[in-house]
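Structure file final19.pdb with PDB, C-alpha atoms:
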ATOM      1  CA  MET A   1     129.289 111.773 152.399
ATOM      2  CA  ARG A   2     128.726 113.381 155.784
ATOM      3  CA  MET A   3     128.119 116.818 154.202
ATOM      4  CA  LYS A   4     125.692 115.284 151.721
ATOM      5  CA  CYS A   5     123.633 113.748 154.578
ATOM      6  CA  LEU A   6     123.671 117.065 156.433
ATOM      7  CA  ALA A   7     122.513 118.895 153.299
ATOM      8  CA  HIS A   8     119.628 116.422 152.834
ATOM      9  CA  ALA A   9     118.629 116.830 156.489
ATOM     10  CA  ILE A  10     118.561 120.614 156.174
ATOM     11  CA  VAL A  11     116.477 120.463 152.988
ATOM     12  CA  LEU A  12     114.035 118.124 154.738
ATOM     13  CA  LEU A  13     113.718 120.433 157.765
ATOM     14  CA  VAL A  14     113.093 123.456 155.549
ATOM     15  CA  ALA A  15     110.436 121.554 153.596
ATOM     16  CA  VAL A  16     108.683 120.400 156.781
ATOM     17  CA  SER A  17     108.814 123.933 158.196
ATOM     18  CA  ALA A  18     107.271 125.364 155.035
ATOM     19  CA  VAL A  19     104.316 122.980 155.343
ATOM     20  CA  ALA A  20     103.976 123.408 159.107
ATOM     21  CA  CYS A  21     102.696 126.998 159.373
ATOM     22  CA  THR A  22     101.529 130.006 157.426
ATOM     23  CA  ASP A  23     103.584 133.151 156.999
ATOM     24  CA  ASN A  24     101.393 135.206 159.363
ATOM     25  CA  ASN A  25     101.606 132.686 162.230
ATOM     26  CA  THR A  26      97.855 132.492 162.810
ATOM     27  CA  THR A  27      97.175 128.929 161.768
ATOM     28  CA  VAL A  28      98.834 125.565 162.117
ATOM     29  CA  VAL A  29      98.871 123.161 159.204
ATOM     30  CA  ASN A  30      99.284 119.444 159.779
ATOM     31  CA  GLN A  31      99.964 117.356 156.680
ATOM     32  CA  GLY A  32      98.118 119.834 154.486
ATOM     33  CA  LEU A  33      95.048 119.974 156.749
ATOM     34  CA  ASP A  34      93.946 123.443 157.867
ATOM     35  CA  CYS A  35      90.532 124.951 158.525
ATOM     36  CA  PHE A  36      92.032 128.452 159.098
ATOM     37  CA  LEU A  37      90.595 128.727 162.621
ATOM     38  CA  ILE A  38      91.877 131.537 164.803
ATOM     39  CA  ARG A  39      90.979 132.371 168.399
ATOM     40  CA  ASN A  40      88.755 135.310 167.479
ATOM     41  CA  ASP A  41      86.427 132.948 165.544
ATOM     42  CA  LEU A  42      85.370 131.341 168.838
ATOM     43  CA  VAL A  43      84.878 134.454 170.988
ATOM     44  CA  GLY A  44      81.310 135.566 171.699
ATOM     45  CA  SER A  45      78.018 134.441 173.153
ATOM     46  CA  TRP A  46      77.162 130.819 172.324
ATOM     47  CA  THR A  47      73.715 129.242 172.054
ATOM     48  CA  VAL A  48      73.504 125.445 172.368
ATOM     49  CA  THR A  49      70.609 123.246 171.304
ATOM     50  CA  LEU A  50      70.353 119.496 171.918
ATOM     51  CA  GLY A  51      68.008 117.004 170.255
ATOM     52  CA  SER A  52      64.683 116.360 171.959
ATOM     53  CA  LEU A  53      65.260 112.671 172.743
ATOM     54  CA  THR A  54      65.384 111.398 176.315
ATOM     55  CA  PRO A  55      68.102 108.744 176.306
ATOM     56  CA  SER A  56      68.875 106.444 179.181
ATOM     57  CA  LEU A  57      72.333 106.106 180.668
ATOM     58  CA  GLN A  58      73.992 102.755 180.026
ATOM     59  CA  ASN A  59      77.310 100.962 180.459
ATOM     60  CA  CYS A  60      78.314 103.325 183.266
ATOM     61  CA  THR A  61      81.863 103.080 184.596
ATOM     62  CA  GLY A  62      83.457 104.747 187.576
ATOM     63  CA  ILE A  63      82.028 105.322 191.044
ATOM     64  CA  ASP A  64      78.225 105.404 190.621
ATOM     65  CA  LEU A  65      77.063 102.375 188.644
ATOM     66  CA  THR A  66      73.501 102.874 189.937
ATOM     67  CA  ARG A  67      72.997 105.507 187.208
ATOM     68  CA  ASN A  68      72.636 102.685 184.625
ATOM     69  CA  ASN A  69      69.203 102.796 182.949
ATOM     70  CA  THR A  70      68.258 106.218 184.377
ATOM     71  CA  LEU A  71      66.846 108.790 181.963
ATOM     72  CA  ALA A  72      68.672 111.987 180.961
ATOM     73  CA  GLY A  73      66.403 114.636 179.477
ATOM     74  CA  THR A  74      67.281 117.695 177.440
ATOM     75  CA  ASN A  75      64.670 120.065 178.872
ATOM     76  CA  ASP A  76      67.424 122.468 180.028
ATOM     77  CA  PHE A  77      68.190 123.316 176.398
ATOM     78  CA  PRO A  78      68.492 125.503 174.406
ATOM     79  CA  ALA A  79      71.050 127.280 176.591
ATOM     80  CA  THR A  80      72.981 130.514 176.177
ATOM     81  CA  TYR A  81      76.532 130.925 177.395
ATOM     82  CA  GLY A  82      77.538 134.600 177.637
ATOM     83  CA  SER A  83      81.128 135.554 177.067
ATOM     84  CA  MET A  84      83.002 132.362 176.058
ATOM     85  CA  ASP A  85      86.527 132.168 177.483
ATOM     86  CA  VAL A  86      88.938 130.984 174.765
ATOM     87  CA  PHE A  87      92.502 129.931 175.624
ATOM     88  CA  GLY A  88      95.321 128.306 173.703
ATOM     89  CA  SER A  89      96.016 124.735 174.792
ATOM     90  CA  ASP A  90      99.233 123.859 176.612
ATOM     91  CA  GLY A  91      99.485 120.411 175.071
ATOM     92  CA  SER A  92      98.008 120.502 171.569
ATOM     93  CA  THR A  93      97.158 122.756 168.650
ATOM     94  CA  SER A  94      93.704 123.541 169.958
ATOM     95  CA  PHE A  95      91.690 126.250 171.652
ATOM     96  CA  LYS A  96      90.162 125.484 175.052
ATOM     97  CA  LEU A  97      86.629 126.748 175.675
ATOM     98  CA  GLN A  98      84.915 127.488 178.959
ATOM     99  CA  ALA A  99      81.800 129.412 179.969
ATOM    100  CA  ASP A 100      79.061 129.714 182.532
ATOM    101  CA  ARG A 101      75.475 129.694 181.401
ATOM    102  CA  SER A 102      73.847 133.119 181.306
ATOM    103  CA  GLY A 103      70.186 133.911 181.754
ATOM    104  CA  PRO A 104      67.467 131.351 182.527
ATOM    105  CA  GLY A 105      68.747 127.942 183.574
ATOM    106  CA  ASP A 106      72.027 129.169 185.054
ATOM    107  CA  ASP A 107      73.068 126.786 187.847
ATOM    108  CA  ALA A 108      74.632 128.925 190.587
ATOM    109  CA  SER A 109      76.276 125.833 192.106
ATOM    110  CA  GLN A 110      78.089 125.022 188.841
ATOM    111  CA  PRO A 111      80.601 127.758 187.895
ATOM    112  CA  VAL A 112      81.535 126.170 184.545
ATOM    113  CA  GLU A 113      78.633 124.806 182.515
ATOM    114  CA  PHE A 114      80.365 124.545 179.123
ATOM    115  CA  THR A 115      83.879 123.175 178.528
ATOM    116  CA  GLY A 116      85.645 121.887 175.472
ATOM    117  CA  SER A 117      88.268 122.306 172.817
ATOM    118  CA  VAL A 118      88.398 122.928 169.078
ATOM    119  CA  GLN A 119      91.401 121.755 167.062
ATOM    120  CA  ALA A 120      93.033 124.688 165.266
ATOM    121  CA  ASP A 121      94.012 122.592 162.254
ATOM    122  CA  SER A 122      90.918 120.439 161.617
ATOM    123  CA  CYS A 123      88.100 122.332 163.429
ATOM    124  CA  LEU A 124      87.085 119.067 165.136
ATOM    125  CA  ALA A 125      85.658 119.704 168.597
ATOM    126  CA  ILE A 126      84.776 117.930 171.814
ATOM    127  CA  VAL A 127      82.584 119.760 174.328
ATOM    128  CA  ARG A 128      80.654 119.158 177.535
ATOM    129  CA  VAL A 129      77.422 120.983 178.385
ATOM    130  CA  TRP A 130      75.867 120.945 181.862
ATOM    131  CA  ASP A 131      72.345 119.591 182.370
ATOM    132  CA  GLN A 132      71.189 120.919 185.752
ATOM    133  CA  THR A 133      68.037 118.787 185.919
ATOM    134  CA  ASP A 134      69.957 115.500 185.744
ATOM    135  CA  ALA A 135      73.195 116.821 187.306
ATOM    136  CA  LEU A 136      75.450 115.666 184.475
ATOM    137  CA  TYR A 137      77.474 116.867 181.513
ATOM    138  CA  PHE A 138      76.516 115.700 178.026
ATOM    139  CA  GLN A 139      79.716 114.859 176.103
ATOM    140  CA  CYS A 140      79.509 115.908 172.442
ATOM    141  CA  ILE A 141      81.776 115.648 169.396
ATOM    142  CA  GLY A 142      81.426 117.740 166.258
ATOM    143  CA  THR A 143      82.930 120.058 163.672
ATOM    144  CA  PHE A 144      83.181 123.835 163.793
ATOM    145  CA  THR A 145      82.183 125.552 160.529
ATOM    146  CA  LEU A 146      83.932 128.883 160.041
ATOM    147  CA  SER A 147      81.621 130.263 157.348
ATOM    148  CA  ASN A 148      78.585 130.425 159.641
ATOM    149  CA  GLN A 149      80.293 130.118 163.067
ATOM    150  CA  THR A 150      78.439 126.970 164.082
ATOM    151  CA  LEU A 151      79.477 123.783 165.822
ATOM    152  CA  SER A 152      77.402 120.732 164.909
ATOM    153  CA  GLY A 153      77.682 117.116 165.934
ATOM    154  CA  ALA A 154      76.310 114.588 168.372
ATOM    155  CA  CYS A 155      76.392 113.694 172.061
ATOM    156  CA  ASP A 156      76.979 110.016 172.809
ATOM    157  CA  SER A 157      77.838 109.986 176.517
ATOM    158  CA  ALA A 158      77.406 111.717 179.851
ATOM    159  CA  GLU A 159      79.812 112.443 182.688
ATOM    160  CA  ILE A 160      78.861 112.799 186.331
ATOM    161  CA  ASP A 161      80.396 114.050 189.577
ATOM    162  CA  SER A 162      78.573 111.467 191.679
ATOM    163  CA  ASP A 163      80.256 112.287 195.000
ATOM    164  CA  ALA A 164      79.975 116.088 194.560
ATOM    165  CA  ASN A 165      83.694 116.738 195.086
ATOM    166  CA  GLY A 166      84.155 118.776 191.909
ATOM    167  CA  GLN A 167      85.704 115.913 189.896
ATOM    168  CA  LEU A 168      83.932 113.909 187.207
ATOM    169  CA  ASP A 169      84.047 110.280 188.334
ATOM    170  CA  THR A 170      81.351 108.383 186.455
ATOM    171  CA  SER A 171      80.934 108.100 182.692
ATOM    172  CA  CYS A 172      77.961 106.561 180.872
ATOM    173  CA  SER A 173      77.009 105.932 177.262
ATOM    174  CA  LEU A 174      73.675 107.249 176.013
ATOM    175  CA  SER A 175      71.109 104.790 174.655
ATOM    176  CA  ASN A 176      70.354 107.260 171.829
ATOM    177  CA  VAL A 177      72.755 109.733 170.261
ATOM    178  CA  LEU A 178      71.610 113.335 170.694
ATOM    179  CA  SER A 179      72.087 115.922 167.986
ATOM    180  CA  PHE A 180      74.150 118.934 169.095
ATOM    181  CA  ASP A 181      74.188 122.410 167.535
ATOM    182  CA  ALA A 182      75.900 125.551 168.778
ATOM    183  CA  SER A 183      76.068 128.982 167.208
ATOM    184  CA  ILE A 184      78.077 132.071 168.092
ATOM    185  CA  ASN A 185      76.157 135.320 168.226
TER     186      ASN A 185
END
Write the structure described by the file as structure tokens, please.
Amino acid sequence: MRMKCLAHAIVLLVAVSAVACTDNNTTVVNQGLDCFLIRNDLVGSWTVTLGSLTPSLQNCTGIDLTRNNTLAGTNDFPATYGSMDVFGSDGSTSFKLQADRSGPGDDASQPVEFTGSVQADSCLAIVRVWDQTDALYFQCIGTFTLSNQTLSGACDSAEIDSDANGQLDTSCSLSNVLSFDASIN
């Protein structure tokens, strides 16, 4: 009986392992879900465009509640981010993204103006893009499409370092969802 249980356990582990990764170790498959994303797909110069709405900040939490009902424009976009840094995540099957804006609109006081991650198995992404005019990050969620190297989605919130100590400490919802599109050149 004990050997039979051990045999079943080994068969189960082999089956799970066969579904868990490909034979060339470049992608991770979770329950049959895989978008075949590899690190090299994300490397390059990114251009980000946001919708032209001017939402107001609402339902702010954190340190600076006075930001409620203030406007957040998108005049700083489109934006180009030169060489995107792409790293493997320590805690999940995702790639971490980080870049400084290049060219017009670069904020010298903000060394990282684009941060985020893209899930290696599903291509779902969450990113933040810096808006210098309003001194906040727009928080956006979307999906990366491998075939045309684009990331499309929407921004529904903003994050702020209200005491200028380098840590985001206030988060607000946007009154209108902004469209978000990024392409890799």
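By chain and then residue number, the residues within 12 Å of range 104-109 of chain A are Asn75, Asp76, Phe77, Pro78, Ala79, Thr80, Tyr81, Gly82, Ala99, Asp100, Glu113, Phe114, Val129, Trp130, Asp131, Gln132, Thr133, Asp134, Ala135, Leu136, Ala164 and Gly166 of chain A, counting all atoms listed in the file and disregarding those fewer than 4 positions away in sequence.
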message = Can you translate the PyMOL selection byres ((chain A and resi 93) around 9) into the concrete residues it hits in this file, as a VMD selection string?
response = chain A and resid 28 88 to 92 94 to 95 118 to 121
message = With distances taken over only C-alpha atoms, which residue among A:Leu146, A:Ile126, A:Val112, A:Gly73 lies nearest Asn40 in chain A?
response = A:Leu146
task = Translate the PyMOL selection byres ((chain A and resi 125) around 6), as applied to the file shown, into an explicit residue set as number ranges by chain.
result = A: 117-118, 124, 126, 141-143
task = Apply the PyMOL selection byres ((chain A and resi 44) around 6) to the file shown and report the selected residues as a PyMOL selection string.
result = chain A and resi 43+45+83-84+184
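Among the candidate residues A:Ser152, A:Thr70, A:Ser122, A:Ser147, the one lying nearest to Ala182 in chain A is A:Ser152, with distances computed using all atoms listed in the file.
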Minimum-distance residue to Ala154 in chain A, chosen among A:Asn176, A:Thr54, A:Asn69, A:Thr170 (using only C-alpha atoms) = A:Asn176
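The shortest atom-to-atom distance to Asp161 in chain A, with only C-alpha atoms taken into account, belongs to A:Gln110 out of A:Asn68, A:Asn59, A:Thr74, A:Gln110.
Distances from A:Val48, A:Gln139, A:Ile63, A:Val86 to Gln167 in chain A were compared using all atoms listed in the file, and the smallest one belongs to A:Ile63.
Counting from CA of Gln149 in chain A, the distance to CA of Ser173 in chain A is 28.2 Å.
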inquiry  = Taking all atoms listed in the file into account, name the residue in A:Cys35, A:Cys60, A:Leu65, A:Leu42 that is nearest to Leu97 in chain A.
reply    =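 The shortest atom-to-atom distance to Leu97 in chain A comes from A:Leu42.
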If I wrap all listed atoms of range 97-110 of chain A in a box with edges along x, y and z and add 5 Å on each side, what are its centre and edge lengths in Å to one decimal, as AutoDock Vina command-line options?
--center_x 77.0 --center_y 129.5 --center_z 183.9 --size_x 29.2 --size_y 18.9 --size_z 26.4
request  = Give me the residues within 6 Å of Phe144 in chain A as a list in words, counting only C-alpha atoms and dropping any in the same chain fewer than 3 places off.
outcome  =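 So, after excluding close chain neighbours, the residues are Cys123, Thr150 and Leu151 of chain A.
In this structure, CA of Asp156 in chain A sits 7.7 Å away from CA of Phe138 in chain A.
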Taking the block above, write range 106-141 of chain A with C-alpha atoms as a compact mmCIF listing (two decimals), in the first residue's frame.
# COMPACT_ATOMS: atom_id res chain seq x y z
CA ASP A 106 12.47 64.31 -18.90
CA ASP A 107 12.24 65.28 -15.21
CA ALA A 108 15.81 65.55 -13.92
CA SER A 109 14.56 65.32 -10.32
CA GLN A 110 12.85 61.96 -10.98
CA PRO A 111 15.39 59.23 -11.87
CA VAL A 112 12.74 56.57 -12.59
CA GLU A 113 9.73 57.76 -14.57
CA PHE A 114 8.38 54.36 -15.68
CA THR A 115 8.06 51.27 -13.45
CA GLY A 116 6.06 48.11 -13.73
CA SER A 117 5.90 44.40 -14.30
CA VAL A 118 4.60 42.02 -16.96
CA GLN A 119 3.59 38.48 -16.01
CA ALA A 120 5.59 35.94 -18.00
CA ASP A 121 2.71 33.47 -18.19
CA SER A 122 -0.31 35.69 -18.93
CA CYS A 123 1.24 38.92 -20.33
CA LEU A 124 -0.88 40.94 -17.89
CA ALA A 125 0.90 44.11 -16.80
CA ILE A 126 0.77 46.84 -14.19
CA VAL A 127 2.81 49.99 -14.79
CA ARG A 128 3.31 53.49 -13.41
CA VAL A 129 4.21 56.48 -15.59
CA TRP A 130 5.41 59.80 -14.17
CA ASP A 131 3.46 63.00 -14.88
CA GLN A 132 5.85 65.87 -14.11
CA THR A 133 3.22 68.61 -14.39
CA ASP A 134 1.06 67.16 -11.60
CA ALA A 135 3.91 65.43 -9.72
CA LEU A 136 2.28 62.00 -9.68
CA TYR A 137 2.42 58.54 -11.20
CA PHE A 138 -0.55 57.29 -13.22
CA GLN A 139 -1.18 53.63 -12.31
CA CYS A 140 -2.20 51.55 -15.33
CA ILE A 141 -3.21 47.93 -15.94
